Every structure is written in structure tokens, then in C-alpha cells.
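Report on the structure given below.
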Amino acid sequence: MTGLRLDGRVAAVTGAGRGIGRAYALLLGQLGAKVVVNDLGGSTLGTGGDAGPADEVVKQIEAAGGAAVANYADVSVTDGGKSVIDTAVERFGTIDIVVNNAGNMVWASLPEATIETIDAHWAVHVRGSFNTLHAAWPYFLEKNYGRAILTTSVGMFGLMDNIGYAIAKASMIGMAKSLTVGRKDANVNVNCIAPNAMTRISGRTEEEQERAAQAAESVPAMDPVNVAPMVAYLAHESCQVSGEVYLAGGGRFARLFVGVTEGYLQPGLTGATIDDVAANWAAINDESGYYVPSDLMDWAGRYMSHLRG
């Protein structure tokens with residue numbers, strides 16, 4: 001058994017009835033955390049509802065000697081996100097960890113995609129994550145402690161017919177960065193996880209979803225359980241990073257970051273033309289000597305350092 005434990009901590013995991021969220025909830029429970037298992041029990045489109053998945057995960061945690069409670073709220077609505085945190089506080093007295101995993105997938109790209117395609121993803125991924133953190137934040141600040149994990153995805157790099165999903169997942173990075181700056185010196189960390197595993201959301205049709213959900217049996221490395229250790233560590237008090245993005249699954253763990261090249265500096269600083277940009281395109285794209293800004297002010301300080309003095 002690992003030396004790192006979560007005894008005494010209270011965690012809420014959204015979308016925890018199946019797949020990756022289920023793996024998170026089970027591991028957090030195994031490590032001693034009391035777990036709120038939130039799951040609407042809907043389809044991959046985010047429609048419908050079923051209490052069964054959340055109840056089953058609660059039973060598994062309790063059968064293993066842990067403590068858990070189910071919550072069936074729709075986190076895309078304000079009261080739903082609040083109810084997840086209210087459940088934690090009412091049942092276990094506090095909230096320490098929030099794992100925003102609930103998600104949906106509506107396959108489409110331009111020209112077929114509509115604003116409704118974007119709204120469908122925004123409601124669950126973005127608004128759902130915001131709603132739970134909005135409710136948890138006062139508790140985090142009051143006791144100067146909290147750990148939050150947002151779910152991003154390498155899907156933001158682009159995949160055929162996933163424009164709404166990519167937009168929503170890329171926004172998680174901005175949310176984590178902004179909340180990290182906003183927390184000031186509070187011991188509240190917000191990071192992103194980009195999972196690499198086979199789950200039903202990977203499929204477009206019900207048949208494909210069923211195959212994806214069963215894929216871990218034939219390819220054990222793609223089982224969601226292989227993502228959970230990274231989330232558990234990000235949820236632990238010893239993890240001191242915030243505003244970062246980590247990948248996990250398939251047997252590999254890595255950090256993902258946004259870097260900035262040194263670029264091309266115009267002599268005299270003004271008067272550049274389109275031809276100057278074209279002539280220095282290689283320097284603008286040269287990745288040697290890139291830097292990773294920690295926040296907007298860090299970027300500004302580096303990007304405009306030549307204007308000092």
C-alpha cells in the first residue's frame with residue numbers, strides 16, 4: 001500500500017458513475033477519502049438520467065470499507081453544482097477535493113455544427129466545472145485548503161467532428177490558470193488532467209461506445225484505473241503545483257504546457273511590414289530557447305522585456 005493517503009479528506013467527483021470518474025472515486029475511497037459520487041446517469045450526449053451508476057460505485061466503496069454517498073444532480077445548472085458540495089458538507093462536514101470529470105460529447109464540425117453544439121459542451125464541461133468550484137471555493141478559502149482537478153483533453157488539439165468538445169476542453173486550462181492567480185497565497189491548488197483511456201464517450205454510436213467501454217479488457221493499459229493515480233496525487237496535500245496540465249493513462253504520465261518562442265525582434269521596434277514578418281518567419285517559429293509563462297504578467301514581463309530601461 002502506498003504511503004500517501006487521503007484519510008480525513010472529503011472529495012467530490014462528478015461524472016463518477018462510470019468510466020474514468022468511477023476509477024477516480026474508487027481510488028480516492030481506497031486511499032481513505034470520503035467520497036461524494038455524483039452522476040446524473042445520462043447518455044454520452046448529456047441527456048436522460050439513471051441513479052444506478054452512482055449507487056453502484058457507492059456500494060463498491062462501502063464494500064471495501066470506505067465511506068461514500070451518491071448525488072444525482074445535473075452540474076450544468078447552478079443548483080446542481082451547489083448540491084454536490086452541499087451533499088459533501090451535510091454528510092461529511094466539509095469539502096477538500098473537487099474532481100470535475102462530468103462530460104458529454106456531441107460529434108460535429110463545420111458546417112454541420114451549430115451554436116447548440118458548442119452550448120451543449122459548454123454547459124456540462126465549463127459551466128458544470130464552474131458551478132461546483134463556485135460552491136466549494138468559500139469552504140476552501142475559509143480553511144485555507146483545497147484541491148481541484150479540472151478535466152481537459154488532448155482532444156483540444158483537434159479531431160474530426162469534435163469542435164464543441166475541443167473548445168470546452170481548451171477552456172479548462174484558462175480556468176485553472178485564472179483561479180490559480182485569483183487564489184493569491186491561499187493553499188488552494190487547481191490543476192487539469194488530460195486522461196488517456198478508453199471509455200464509452202470515445203464512441204459515436206451505441207455500438208462503438210460499448211466496444212470502447214470494453215476495450216480495457218483487451219488493452220489493459222487503456223483501462224481508466226491507469227489515469228487515477230495522477231488525479232489522486234493532484235488531490236493530495238503534498239502536491240504543491242497549481243495551474244498546470246498533466247496527462248495520464250496508457251502507462252505514461254507527463255506534463256503538458258504552453259510555450260512561447262523568443263521570436264523576432266524588429267530593429268528600432270517600430271515600422272515592421274508584412275515583408276519583415278515573412279522574412280523572419282523561421283525565427284518567429286524557432287522553438288529553441290522557448291519559455292513557459294506562469295501567468296499573464298510573467299508573459300508580459302518576458303515578451304516586453306526589451307522595452308525596459
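Chain lettering (A, B, ...) mirrors the order of the C-alpha cells, residue numbering begins at 1 for each chain separately, and ligand numbering begins at 1 in order of display.
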
Check your understanding: If we count only C-alpha atoms, what is near stretch 139-141 of chain A at a cut-off of 9 Å, once residues fewer than 5 positions away on the same chain are taken out, given as a list in words?
Key ->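 Close residues of stretch 139-141 of chain A: Thr94, Ile95, Asp96, Gly146, Arg147, Arg183, Ala186, Asn187 and Val188 of chain A.
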
Selection from above, C-alpha atoms, as a short mmCIF file (atom, residue, chain, number, x, y, z; two decimals), in the first residue's frame, can you write it?
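Saved result, selection13.cif, follows:
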data_model
loop_
_atom_site.label_atom_id
_atom_site.label_comp_id
_atom_site.auth_asym_id
_atom_site.auth_seq_id
_atom_site.Cartn_x
_atom_site.Cartn_y
_atom_site.Cartn_z
CA THR A 94 -16.61 19.74 4.77
CA ILE A 95 -15.15 19.62 1.27
CA ASP A 96 -11.43 19.30 0.50
CA GLY A 146 -8.45 22.88 -1.23
CA ARG A 147 -7.54 20.75 -4.21
CA ARG A 183 -6.41 32.36 -5.07
CA ALA A 186 -4.17 30.55 -0.31
CA ASN A 187 -3.32 26.85 -0.12
CA VAL A 188 -5.78 26.05 -2.89
#

Practice item. Find the residues near A:Ser242: any atom within 6 Å, counting only C-alpha atoms, skip ones fewer than 5 places away on the same chain, and give them as a ChimeraX atom specification. Key: /A:189-191

Print the selection's residues with N, CA, C and O atoms to a file, as a PDB file, in the first residue's frame.
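In the end it all went to part-v2.pdb:
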ATOM      1  N   ASN A 189      -5.086  24.616  -4.691  1.00  0.00           N
ATOM      2  CA  ASN A 189      -4.467  24.311  -5.979  1.00  0.00           C
ATOM      3  C   ASN A 189      -5.500  23.818  -6.978  1.00  0.00           C
ATOM      4  O   ASN A 189      -6.372  23.006  -6.645  1.00  0.00           O
ATOM      5  N   VAL A 190      -5.383  24.321  -8.197  1.00  0.00           N
ATOM      6  CA  VAL A 190      -6.297  23.940  -9.278  1.00  0.00           C
ATOM      7  C   VAL A 190      -5.463  23.500 -10.478  1.00  0.00           C
ATOM      8  O   VAL A 190      -4.696  24.297 -11.034  1.00  0.00           O
ATOM      9  N   ASN A 191      -5.595  22.254 -10.854  1.00  0.00           N
ATOM     10  CA  ASN A 191      -4.843  21.711 -11.980  1.00  0.00           C
ATOM     11  C   ASN A 191      -5.770  20.983 -12.948  1.00  0.00           C
ATOM     12  O   ASN A 191      -6.942  20.731 -12.635  1.00  0.00           O
TER      13      ASN A 191
END

Point to revise | Minimum-distance residue to A:Val75, chosen among A:Trp137, A:Trp107, A:Phe130, A:Trp299 (using only C-alpha atoms) | key: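 Going through A:Trp137, A:Trp107, A:Phe130, A:Trp299 one by one, the smallest distance to A:Val75 is for A:Phe130.
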
Check your understanding: Can you tell me, as a list in words, what residues are no more than 7 Å from stretch 255-257 of chain A when counting only C-alpha atoms, ignoring any on the same chain fewer than 2 positions away?
Key ->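 The residues satisfying every condition are Val245, Tyr246, Leu247 and Gly259 of chain A.
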
**Study point:** Residue contacts of A:Arg9 (10 Å, only C-alpha atoms) excluding same-chain residues fewer than 4 positions away, as a PyMOL selection string
**Key:** chain A and resi 5+28-29+31-35+92+94-97+146+235-237

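Residue nearest A:Asn101, chosen from A:Ser305, A:Ser288, A:Asn38, A:Asn196 and counting only C-alpha atoms: A:Asn38.
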
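You can rank A:Met105, A:Asn131, A:Arg308, A:Tyr24 by their closest distance to A:Ile193 using only C-alpha atoms, and at the top of that list sits A:Tyr24.
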
Practice item. Would you kindly return, as number ranges by chain, each protein, DNA or RNA residue with an atom no farther than 7 Å from any atom of A:Val58, considering only C-alpha atoms and excluding same-chain residues fewer than 4 positions away? Key: A: 37, 54, 62, 68-70

Set the distance at 8 Å and use only C-alpha atoms: which residues neighbour A:Gly249 once local chain neighbours fewer than 5 positions away are removed? I'd like the list as a CSV table (one decimal) with all heavy atoms, in the first residue's frame.
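selection_19.csv written:
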chain,number,residue,atom,x,y,z
A,195,PRO,N,-6.9,12.9,-19.5
A,195,PRO,CA,-6.9,11.4,-19.4
A,195,PRO,C,-6.7,10.7,-20.8
A,195,PRO,O,-7.1,11.2,-21.8
A,195,PRO,CB,-8.3,11.0,-18.9
A,195,PRO,CG,-9.0,12.4,-18.5
A,195,PRO,CD,-8.3,13.4,-19.4
A,196,ASN,N,-6.0,9.6,-20.7
A,196,ASN,CA,-5.8,8.8,-21.9
A,196,ASN,C,-6.3,7.4,-21.6
A,196,ASN,O,-5.6,6.6,-21.0
A,196,ASN,CB,-4.3,8.7,-22.3
A,196,ASN,CG,-4.1,7.9,-23.6
A,196,ASN,OD1,-4.9,7.9,-24.5
A,196,ASN,ND2,-3.0,7.2,-23.6
A,197,ALA,N,-7.6,7.1,-21.9
A,197,ALA,CA,-8.2,5.8,-21.6
A,197,ALA,C,-9.4,5.6,-22.6
A,197,ALA,O,-9.9,6.5,-23.2
A,197,ALA,CB,-8.7,5.8,-20.2
A,221,ALA,N,-3.6,-1.5,-20.6
A,221,ALA,CA,-3.0,-0.2,-20.3
A,221,ALA,C,-4.0,1.0,-20.5
A,221,ALA,O,-3.8,2.1,-20.0
A,221,ALA,CB,-1.8,0.0,-21.3
A,222,MET,N,-5.1,0.7,-21.3
A,222,MET,CA,-6.0,1.8,-21.6
A,222,MET,C,-7.2,1.8,-20.6
A,222,MET,O,-8.2,2.5,-20.8
A,222,MET,CB,-6.6,1.6,-23.0
A,222,MET,CG,-5.5,1.8,-24.1
A,222,MET,SD,-4.6,3.4,-23.9
A,222,MET,CE,-5.9,4.5,-24.4
A,223,ASP,N,-7.1,1.0,-19.6
A,223,ASP,CA,-8.1,1.0,-18.5
A,223,ASP,C,-8.1,2.3,-17.8
A,223,ASP,O,-7.0,2.8,-17.4
A,223,ASP,CB,-7.9,-0.2,-17.5
A,223,ASP,CG,-9.0,-0.4,-16.6
A,223,ASP,OD1,-9.5,0.5,-15.9
A,223,ASP,OD2,-9.5,-1.6,-16.5
A,224,PRO,N,-9.2,2.9,-17.4
A,224,PRO,CA,-9.2,4.2,-16.7
A,224,PRO,C,-8.5,4.1,-15.4
A,224,PRO,O,-8.0,5.2,-14.9
A,224,PRO,CB,-10.7,4.5,-16.5
A,224,PRO,CG,-11.4,3.8,-17.6
A,224,PRO,CD,-10.6,2.5,-17.9
A,226,ASN,N,-5.6,3.4,-14.8
A,226,ASN,CA,-4.3,3.9,-15.0
A,226,ASN,C,-4.1,5.4,-15.1
A,226,ASN,O,-3.0,5.9,-15.1
A,226,ASN,CB,-3.7,3.3,-16.3
A,226,ASN,CG,-3.6,1.8,-16.2
A,226,ASN,OD1,-3.0,1.2,-15.3
A,226,ASN,ND2,-4.2,1.1,-17.2
A,227,VAL,N,-5.3,6.1,-15.1
A,227,VAL,CA,-5.3,7.5,-15.0
A,227,VAL,C,-5.4,8.0,-13.6
A,227,VAL,O,-4.8,9.0,-13.2
A,227,VAL,CB,-6.5,8.1,-15.9
A,227,VAL,CG1,-6.5,9.6,-15.8
A,227,VAL,CG2,-6.4,7.7,-17.3
